[in-house]
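K.L.:
Got a structure here, written out as structure tokens. Questions coming.
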Amino acid sequence: MAISLEGRTAIVTGAGGGLGRTHALLLARAGARVIVNDIPQNLSAAEAVVEEIRSTGGQAEAAGASVTDEAAVAEMVAQAGPVDILVNNAGILRDKSFAKMDLADFRLVVDVHLMGSVICTKAVWDGMRERNYGRIVMTTSSSGLYGNFGQSNYGAAKMALVGLMQTLSLEGAKFDIKVNCLAPTARTAMTEGLLPPQALELLKPEYVSPALLALVTEDAPNRTILCAGAQGVEQAQVTLTRGISIKDMDDLDAGQAILDQLPKIGDIATATVPASGLEQGQMELGKAMGAIQA
């Protein structure tokens with residue numbers, strides 16, 4: 001059975017082009033009313049996406065607002081009416097090796113990706129709690145999950161969004177607010193000269209959006225990181241191994257023991273996904289008290 005978002009209102013930030021555009025088009029195709037957001041300077045691009053949606057019978061409106069502008073975001077949300085779905089997609093790049101990067105460029109990328117997502121999420125959060133329904137997606141990245149040369153600012157911001165998702169998914173659960181992450185792999189202006197045409201064809205933004213759709217439905221998971229691209233979908237997880245105990249060791253000896261036993265500490269065969277940071281702490285206490293075998 002095809003997914004239906006009839007009666008739902010969705011905001012997609014940074015939707016004047018690229019992934020945001022394909023997300024908006026697919027959400028509208030599923031029946032959602034879509035608020036197509038982009039910065040005021042790109043409002044014409046957002047309006048073009050709105051026309052694409054309306055030309056096929058969908059419902060859409062354009063909203064020019066920077067995600068870093070709290071007042072503009074608040075106005076966008078107020079004009080949208082009750083918001084059921086928020087897709088935090090807006091972002092920028094300022095790639096350079098850390099040695100050559102200005103702190104201003106580090107702050108700017110963190111402001112747009114992390115604080116922009118915080119500002120937009122905060123603007124819809126109370127309404128979702130009051131209506132006991134919400135679906136929020138943070139756009140993370142393999143650069144944050146696994147690192148990429150020249151993207152310390154981008155990677156830091158993208159991994160911070162995973163941390164934001166981890167906590168908001170817990171706080172929103174009793175209000176049926178589900179918060180997830182999407183790590184897309186899609187062609188961008190940066191990759192045009194780096195990859196052959198065949199590879200670029202496989203990295204269409206359209207191949208990512210079905211994963212986004214799965215994360216915003218009524219039956220969506222919670223606290224899930226989906227990676228998607230080239231018509232493949234995977235799940236990334238922040239895992240915890242069983243590790244070892246250094247109970248009753250001298251600190252200097254313990255440090256050496258940790259080095260010596262890193263293979264055992266890192267053995268993924270014992271890995272689990274803690275339900276919360278508290279659960280991770282409880283596991284360590286359990287080992288210290290002898291309730292859990294290291």
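By order of appearance in the structure tokens: chains A, B, ..., then residues from 1 within every chain, and ligands from 1 in the order shown.
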So that I can see what lies close to Ala62 in chain A, please list as a list in words the residues with an atom at most 8 Å from it, counting only C-alpha atoms and leaving out residues fewer than 3 positions away in the same chain.
P.N.:
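Near Ala62 in chain A, the qualifying residues are Ile35, Val36, Asn37, Leu43, Ala46, Glu47 and Val50 of chain A.
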K.L.:
Create the file for the chosen residues now, containing N, CA, C and O atoms and written as a CSV table (one decimal), in the first residue's frame.
P.N.:
chain,number,residue,atom,x,y,z
A,35,ILE,N,5.2,23.3,2.6
A,35,ILE,CA,5.8,24.7,2.7
A,35,ILE,C,7.2,24.6,2.2
A,35,ILE,O,8.1,23.9,2.9
A,36,VAL,N,7.5,25.2,1.1
A,36,VAL,CA,8.8,25.1,0.4
A,36,VAL,C,9.6,26.3,0.9
A,36,VAL,O,9.4,27.4,0.5
A,37,ASN,N,10.5,26.0,1.8
A,37,ASN,CA,11.4,27.1,2.3
A,37,ASN,C,12.7,27.2,1.7
A,37,ASN,O,13.3,26.2,1.3
A,43,LEU,N,14.1,32.9,-3.0
A,43,LEU,CA,12.6,32.7,-3.0
A,43,LEU,C,12.1,32.3,-4.4
A,43,LEU,O,11.1,31.5,-4.5
A,46,ALA,N,12.3,28.6,-4.7
A,46,ALA,CA,11.2,28.0,-4.0
A,46,ALA,C,9.9,28.1,-4.6
A,46,ALA,O,9.1,27.1,-4.7
A,47,GLU,N,9.6,29.3,-5.2
A,47,GLU,CA,8.3,29.5,-5.9
A,47,GLU,C,8.2,28.6,-7.1
A,47,GLU,O,7.1,28.1,-7.5
A,50,VAL,N,7.2,25.2,-5.9
A,50,VAL,CA,5.7,25.3,-5.6
A,50,VAL,C,4.9,25.1,-6.9
A,50,VAL,O,3.9,24.4,-6.9
K.L.:
Which residues, written as a PyMOL selection string, have at least one atom at most 6 Å from Gln235 in chain A, with only C-alpha atoms counted and residues fewer than 5 positions away on the same chain left out?
P.N.:
chain A and resi 225-227
K.L.:
Extract, using only C-alpha atoms, all DNA, RNA and protein residues at most 9 Å from Arg33 in chain A, discarding same-chain residues fewer than 4 positions from it, and format them as a ChimeraX atom specification.
P.N.:
/A:5-11,27-28,58-61
K.L.:
Could you write out the selected residues, including C-alpha atoms, as a PDB file, in the first residue's frame?
P.N.:
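Written output follows (result.pdb):
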ATOM      1  CA  LEU A   5       0.250  11.984   3.898  1.00  0.00           C
ATOM      2  CA  GLU A   6      -3.201  13.375   3.150  1.00  0.00           C
ATOM      3  CA  GLY A   7      -4.149  16.092   5.621  1.00  0.00           C
ATOM      4  CA  ARG A   8      -0.567  16.636   6.803  1.00  0.00           C
ATOM      5  CA  THR A   9       1.373  19.877   6.536  1.00  0.00           C
ATOM      6  CA  ALA A  10       5.123  19.662   5.998  1.00  0.00           C
ATOM      7  CA  ILE A  11       7.898  22.254   6.060  1.00  0.00           C
ATOM      8  CA  LEU A  27       5.901  14.708   0.101  1.00  0.00           C
ATOM      9  CA  ALA A  28       3.400  16.563  -2.080  1.00  0.00           C
ATOM     10  CA  GLY A  58      -0.508  19.200  -5.218  1.00  0.00           C
ATOM     11  CA  GLN A  59      -0.693  21.802  -2.465  1.00  0.00           C
ATOM     12  CA  ALA A  60       2.307  24.000  -1.785  1.00  0.00           C
ATOM     13  CA  GLU A  61       3.349  27.451  -0.646  1.00  0.00           C
TER      14      GLU A  61
END
K.L.:
Extract, using only C-alpha atoms, all DNA, RNA and protein residues at most 12 Å from Phe149 in chain A, discarding same-chain residues fewer than 2 positions from it, and format them as an mmCIF file with C-alpha atoms, in the first residue's frame.
P.N.:
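For reference, part10.cif as written:
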data_model
loop_
_atom_site.group_PDB
_atom_site.id
_atom_site.type_symbol
_atom_site.label_atom_id
_atom_site.label_comp_id
_atom_site.auth_asym_id
_atom_site.auth_seq_id
_atom_site.Cartn_x
_atom_site.Cartn_y
_atom_site.Cartn_z
ATOM 1 C CA ASP A 95 35.189 23.249 2.926
ATOM 2 C CA LYS A 96 38.842 23.643 3.884
ATOM 3 C CA SER A 97 41.354 21.675 5.884
ATOM 4 C CA PHE A 98 41.178 22.556 9.573
ATOM 5 C CA ALA A 99 44.638 24.178 9.420
ATOM 6 C CA SER A 142 28.561 10.479 6.484
ATOM 7 C CA SER A 143 30.981 13.371 7.067
ATOM 8 C CA GLY A 144 29.694 13.566 10.623
ATOM 9 C CA TYR A 146 32.556 8.787 9.689
ATOM 10 C CA GLY A 147 34.546 11.909 8.773
ATOM 11 C CA GLN A 151 34.912 19.075 6.401
ATOM 12 C CA SER A 152 35.634 19.488 10.106
ATOM 13 C CA ASN A 153 33.001 22.231 10.414
ATOM 14 C CA TYR A 154 30.383 20.366 8.400
ATOM 15 C CA GLY A 155 31.129 17.039 10.095
#
K.L.:
List the neighbours of range 173-181 of chain A out to 8 Å using only C-alpha atoms; skip same-chain residues closer than 5 positions along the sequence, and give me the result as an mmCIF file with N, CA, C and O atoms, in the first residue's frame.
P.N.:
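The file below, selection_30.cif, is the result:
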data_model
loop_
_atom_site.group_PDB
_atom_site.id
_atom_site.type_symbol
_atom_site.label_atom_id
_atom_site.label_comp_id
_atom_site.auth_asym_id
_atom_site.auth_seq_id
_atom_site.Cartn_x
_atom_site.Cartn_y
_atom_site.Cartn_z
ATOM 1 N N MET A 128 3.460 20.642 18.173
ATOM 2 C CA MET A 128 3.419 19.186 18.041
ATOM 3 C C MET A 128 3.074 18.519 19.365
ATOM 4 O O MET A 128 2.316 17.545 19.412
ATOM 5 N N ARG A 129 3.635 19.034 20.454
ATOM 6 C CA ARG A 129 3.318 18.485 21.776
ATOM 7 C C ARG A 129 1.835 18.671 22.102
ATOM 8 O O ARG A 129 1.189 17.760 22.622
ATOM 9 N N ARG A 131 -0.643 18.891 20.046
ATOM 10 C CA ARG A 131 -1.497 18.064 19.179
ATOM 11 C C ARG A 131 -1.144 16.584 19.265
ATOM 12 O O ARG A 131 -1.783 15.754 18.622
ATOM 13 N N ASN A 132 -0.123 16.252 20.073
ATOM 14 C CA ASN A 132 0.307 14.865 20.222
ATOM 15 C C ASN A 132 0.623 14.202 18.886
ATOM 16 O O ASN A 132 0.222 13.053 18.619
ATOM 17 N N TYR A 133 1.354 14.932 18.063
ATOM 18 C CA TYR A 133 1.791 14.354 16.790
ATOM 19 C C TYR A 133 2.879 15.212 16.167
ATOM 20 O O TYR A 133 2.772 16.441 16.130
ATOM 21 N N GLY A 134 3.912 14.543 15.668
ATOM 22 C CA GLY A 134 4.952 15.256 14.945
ATOM 23 C C GLY A 134 5.967 14.303 14.355
ATOM 24 O O GLY A 134 6.227 13.227 14.913
ATOM 25 N N ARG A 135 6.498 14.680 13.219
ATOM 26 C CA ARG A 135 7.563 13.916 12.572
ATOM 27 C C ARG A 135 8.654 14.907 12.172
ATOM 28 O O ARG A 135 8.397 15.840 11.408
ATOM 29 N N ILE A 136 9.853 14.704 12.704
ATOM 30 C CA ILE A 136 10.965 15.623 12.456
ATOM 31 C C ILE A 136 12.153 14.833 11.943
ATOM 32 O O ILE A 136 12.501 13.786 12.497
ATOM 33 N N VAL A 137 12.769 15.328 10.889
ATOM 34 C CA VAL A 137 13.961 14.686 10.343
ATOM 35 C C VAL A 137 15.113 15.682 10.336
ATOM 36 O O VAL A 137 14.994 16.796 9.830
ATOM 37 N N MET A 138 16.223 15.276 10.937
ATOM 38 C CA MET A 138 17.477 16.029 10.877
ATOM 39 C C MET A 138 18.310 15.461 9.735
ATOM 40 O O MET A 138 18.394 14.232 9.582
ATOM 41 N N THR A 139 18.935 16.312 8.970
ATOM 42 C CA THR A 139 19.803 15.834 7.897
ATOM 43 C C THR A 139 21.237 15.757 8.408
ATOM 44 O O THR A 139 21.904 16.778 8.583
ATOM 45 N N THR A 140 21.673 14.546 8.685
ATOM 46 C CA THR A 140 23.051 14.336 9.099
ATOM 47 C C THR A 140 23.873 13.988 7.861
ATOM 48 O O THR A 140 23.457 14.245 6.730
ATOM 49 N N LEU A 161 23.841 17.025 15.117
ATOM 50 C CA LEU A 161 22.428 16.782 14.835
ATOM 51 C C LEU A 161 22.000 15.376 15.256
ATOM 52 O O LEU A 161 20.851 15.151 15.629
ATOM 53 N N VAL A 162 22.930 14.428 15.197
ATOM 54 C CA VAL A 162 22.623 13.080 15.699
ATOM 55 C C VAL A 162 22.373 13.147 17.203
ATOM 56 O O VAL A 162 21.429 12.553 17.721
ATOM 57 N N MET A 165 19.005 14.652 17.812
ATOM 58 C CA MET A 165 17.970 13.659 17.532
ATOM 59 C C MET A 165 17.845 12.642 18.664
ATOM 60 O O MET A 165 16.726 12.293 19.078
ATOM 61 N N GLN A 166 18.977 12.185 19.198
ATOM 62 C CA GLN A 166 18.938 11.169 20.243
ATOM 63 C C GLN A 166 18.116 11.632 21.446
ATOM 64 O O GLN A 166 17.315 10.867 21.996
ATOM 65 N N LEU A 168 15.928 14.455 21.572
ATOM 66 C CA LEU A 168 14.559 14.874 21.234
ATOM 67 C C LEU A 168 13.656 13.673 20.968
ATOM 68 O O LEU A 168 12.454 13.727 21.246
ATOM 69 N N LEU A 215 10.579 8.137 6.946
ATOM 70 C CA LEU A 215 10.833 8.694 8.279
ATOM 71 C C LEU A 215 9.772 9.694 8.734
ATOM 72 O O LEU A 215 9.825 10.145 9.884
ATOM 73 N N ALA A 220 6.287 5.790 11.083
ATOM 74 C CA ALA A 220 7.737 6.018 11.061
ATOM 75 C C ALA A 220 8.403 5.454 12.310
ATOM 76 O O ALA A 220 7.794 5.379 13.375
ATOM 77 N N PRO A 221 9.668 5.069 12.186
ATOM 78 C CA PRO A 221 10.420 4.662 13.375
ATOM 79 C C PRO A 221 10.750 5.892 14.213
ATOM 80 O O PRO A 221 10.383 7.020 13.854
ATOM 81 N N ASN A 222 11.418 5.688 15.309
ATOM 82 C CA ASN A 222 11.882 6.787 16.157
ATOM 83 C C ASN A 222 13.350 6.535 16.488
ATOM 84 O O ASN A 222 13.766 5.396 16.672
ATOM 85 N N ARG A 223 14.125 7.624 16.512
ATOM 86 C CA ARG A 223 15.537 7.537 16.895
ATOM 87 C C ARG A 223 16.315 6.613 15.949
ATOM 88 O O ARG A 223 17.069 5.749 16.358
ATOM 89 N N THR A 224 16.118 6.846 14.661
ATOM 90 C CA THR A 224 16.736 6.011 13.628
ATOM 91 C C THR A 224 17.575 6.877 12.690
ATOM 92 O O THR A 224 17.163 7.976 12.325
ATOM 93 N N ILE A 225 18.737 6.375 12.314
ATOM 94 C CA ILE A 225 19.596 7.053 11.346
ATOM 95 C C ILE A 225 19.594 6.225 10.069
ATOM 96 O O ILE A 225 20.162 5.126 10.027
ATOM 97 N N LEU A 226 18.938 6.732 9.034
ATOM 98 C CA LEU A 226 18.963 6.058 7.742
ATOM 99 C C LEU A 226 19.983 6.732 6.838
ATOM 100 O O LEU A 226 20.060 7.966 6.778
#
K.L.:
Can you measure CA of Val238 in chain A to CA of Ala199 in chain A for me? One decimal in Å is fine.
P.N.:
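Value for the CA of Val238 in chain A-CA of Ala199 in chain A distance: 29.0 Å.
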K.L.:
Identify all residues of range 81-249 of chain A in alpha helix (DSSP H) (DSSP on the backbone) and supply them as a ChimeraX atom specification.
P.N.:
/A:103-110,116-131,142-145,152-172,197-202,209-215
K.L.:
Smallest atom-to-atom distance to Ala32 in chain A: which of A:Ala74, A:Ala288, A:Met101, A:Val216, using only C-alpha atoms?
P.N.:
A:Val216
K.L.:
Considering only C-alpha atoms, state which residue in the set A:Val233, A:Gly266, A:Ala48, A:Leu200 is at the smallest distance from Ala214 in chain A.
P.N.:
A:Val233
K.L.:
Please, which residues in range 99-201 of chain A fall within 12 Å of range 14-22 of chain A when counting only C-alpha atoms, and what is the closest atom pair and distance in Å to one decimal for each, ordered by chain then residue number, as a tab-separated table?
P.N.:
residue	atom	partner	partner_atom	distance
A:Val112	CA	A:Gly14	CA	10.6
A:His113	CA	A:Gly14	CA	10.7
A:Gly116	CA	A:Gly14	CA	10.7
A:Ser117	CA	A:Gly14	CA	11.1
A:Cys120	CA	A:Gly14	CA	11.8
A:Thr139	CA	A:Leu19	CA	10.4
A:Leu182	CA	A:Leu19	CA	11.4
A:Ala183	CA	A:Leu19	CA	11.4
A:Pro184	CA	A:Leu19	CA	8.6
A:Thr185	CA	A:Leu19	CA	9.9
A:Ala186	CA	A:Leu19	CA	7.9
A:Arg187	CA	A:Gly18	CA	8.7
A:Thr188	CA	A:Gly18	CA	7.7
A:Ala189	CA	A:Gly18	CA	9.6
K.L.:
I'd like the neighbourhood of Leu259 in chain A as a list in words, where a residue qualifies if any of its atoms comes within 12 Å (using only C-alpha atoms), though same-chain residues fewer than 6 positions away should be ignored.
P.N.:
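Here the qualifying residues turn out to be Ile244, Ile246, Leu252, Asp253, Ile265 and Gly266 of chain A.
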K.L.:
Kindly export the residues of the current selection with C-alpha atoms, as a PDB file, in the first residue's frame.
P.N.:
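The resulting result_25.pdb:
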ATOM      1  CA  ILE A 244      36.489  -4.619  29.913  1.00  0.00           C
ATOM      2  CA  ILE A 246      39.662  -2.005  35.112  1.00  0.00           C
ATOM      3  CA  LEU A 252      48.974   3.632  35.387  1.00  0.00           C
ATOM      4  CA  ASP A 253      48.457  -0.103  34.992  1.00  0.00           C
ATOM      5  CA  ILE A 265      37.246  -3.450  24.045  1.00  0.00           C
ATOM      6  CA  GLY A 266      36.353  -2.793  20.425  1.00  0.00           C
TER       7      GLY A 266
END
K.L.:
Just give me the gap between CA of Ile39 in chain A and CA of Ala65 in chain A in Å, one decimal is fine.
P.N.:
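Value for the CA of Ile39 in chain A-CA of Ala65 in chain A distance: 4.9 Å.
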K.L.:
Would you mind writing down, as number ranges by chain, each residue of range 70-285 of chain A that DSSP on the backbone assigns to strand (DSSP E)?
P.N.:
A: 85-88, 134-139, 177-184, 225-229, 232-236
K.L.:
Could you please take those selected residues and save C-alpha atoms as a CSV table (one decimal), in the first residue's frame?
P.N.:
chain,number,residue,atom,x,y,z
A,85,ILE,CA,6.2,17.3,9.5
A,86,LEU,CA,9.5,19.2,9.6
A,87,VAL,CA,12.4,18.3,7.4
A,88,ASN,CA,15.5,20.1,8.4
A,134,GLY,CA,5.0,15.3,14.9
A,135,ARG,CA,7.6,13.9,12.6
A,136,ILE,CA,11.0,15.6,12.5
A,137,VAL,CA,14.0,14.7,10.3
A,138,MET,CA,17.5,16.0,10.9
A,139,THR,CA,19.8,15.8,7.9
A,177,ILE,CA,6.7,13.1,18.1
A,178,LYS,CA,9.2,10.9,16.2
A,179,VAL,CA,12.6,12.3,15.5
A,180,ASN,CA,15.0,10.7,13.1
A,181,CYS,CA,18.1,11.4,11.0
A,182,LEU,CA,18.7,11.0,7.3
A,183,ALA,CA,22.3,10.8,5.9
A,184,PRO,CA,22.0,11.3,2.1
A,225,ILE,CA,19.6,7.1,11.3
A,226,LEU,CA,19.0,6.1,7.7
A,227,CYS,CA,21.7,6.4,5.1
A,228,ALA,CA,20.4,6.6,1.6
A,229,GLY,CA,21.8,7.1,-1.9
A,232,GLY,CA,20.4,1.9,-1.5
A,233,VAL,CA,19.2,2.3,2.1
A,234,GLU,CA,21.2,1.4,5.2
A,235,GLN,CA,21.0,2.1,8.9
A,236,ALA,CA,23.8,3.7,11.0
K.L.:
How many Å lie between CA of Val67 in chain A and CA of Met115 in chain A, rounded to one decimal?
P.N.:
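These atoms are spaced 8.1 Å apart.
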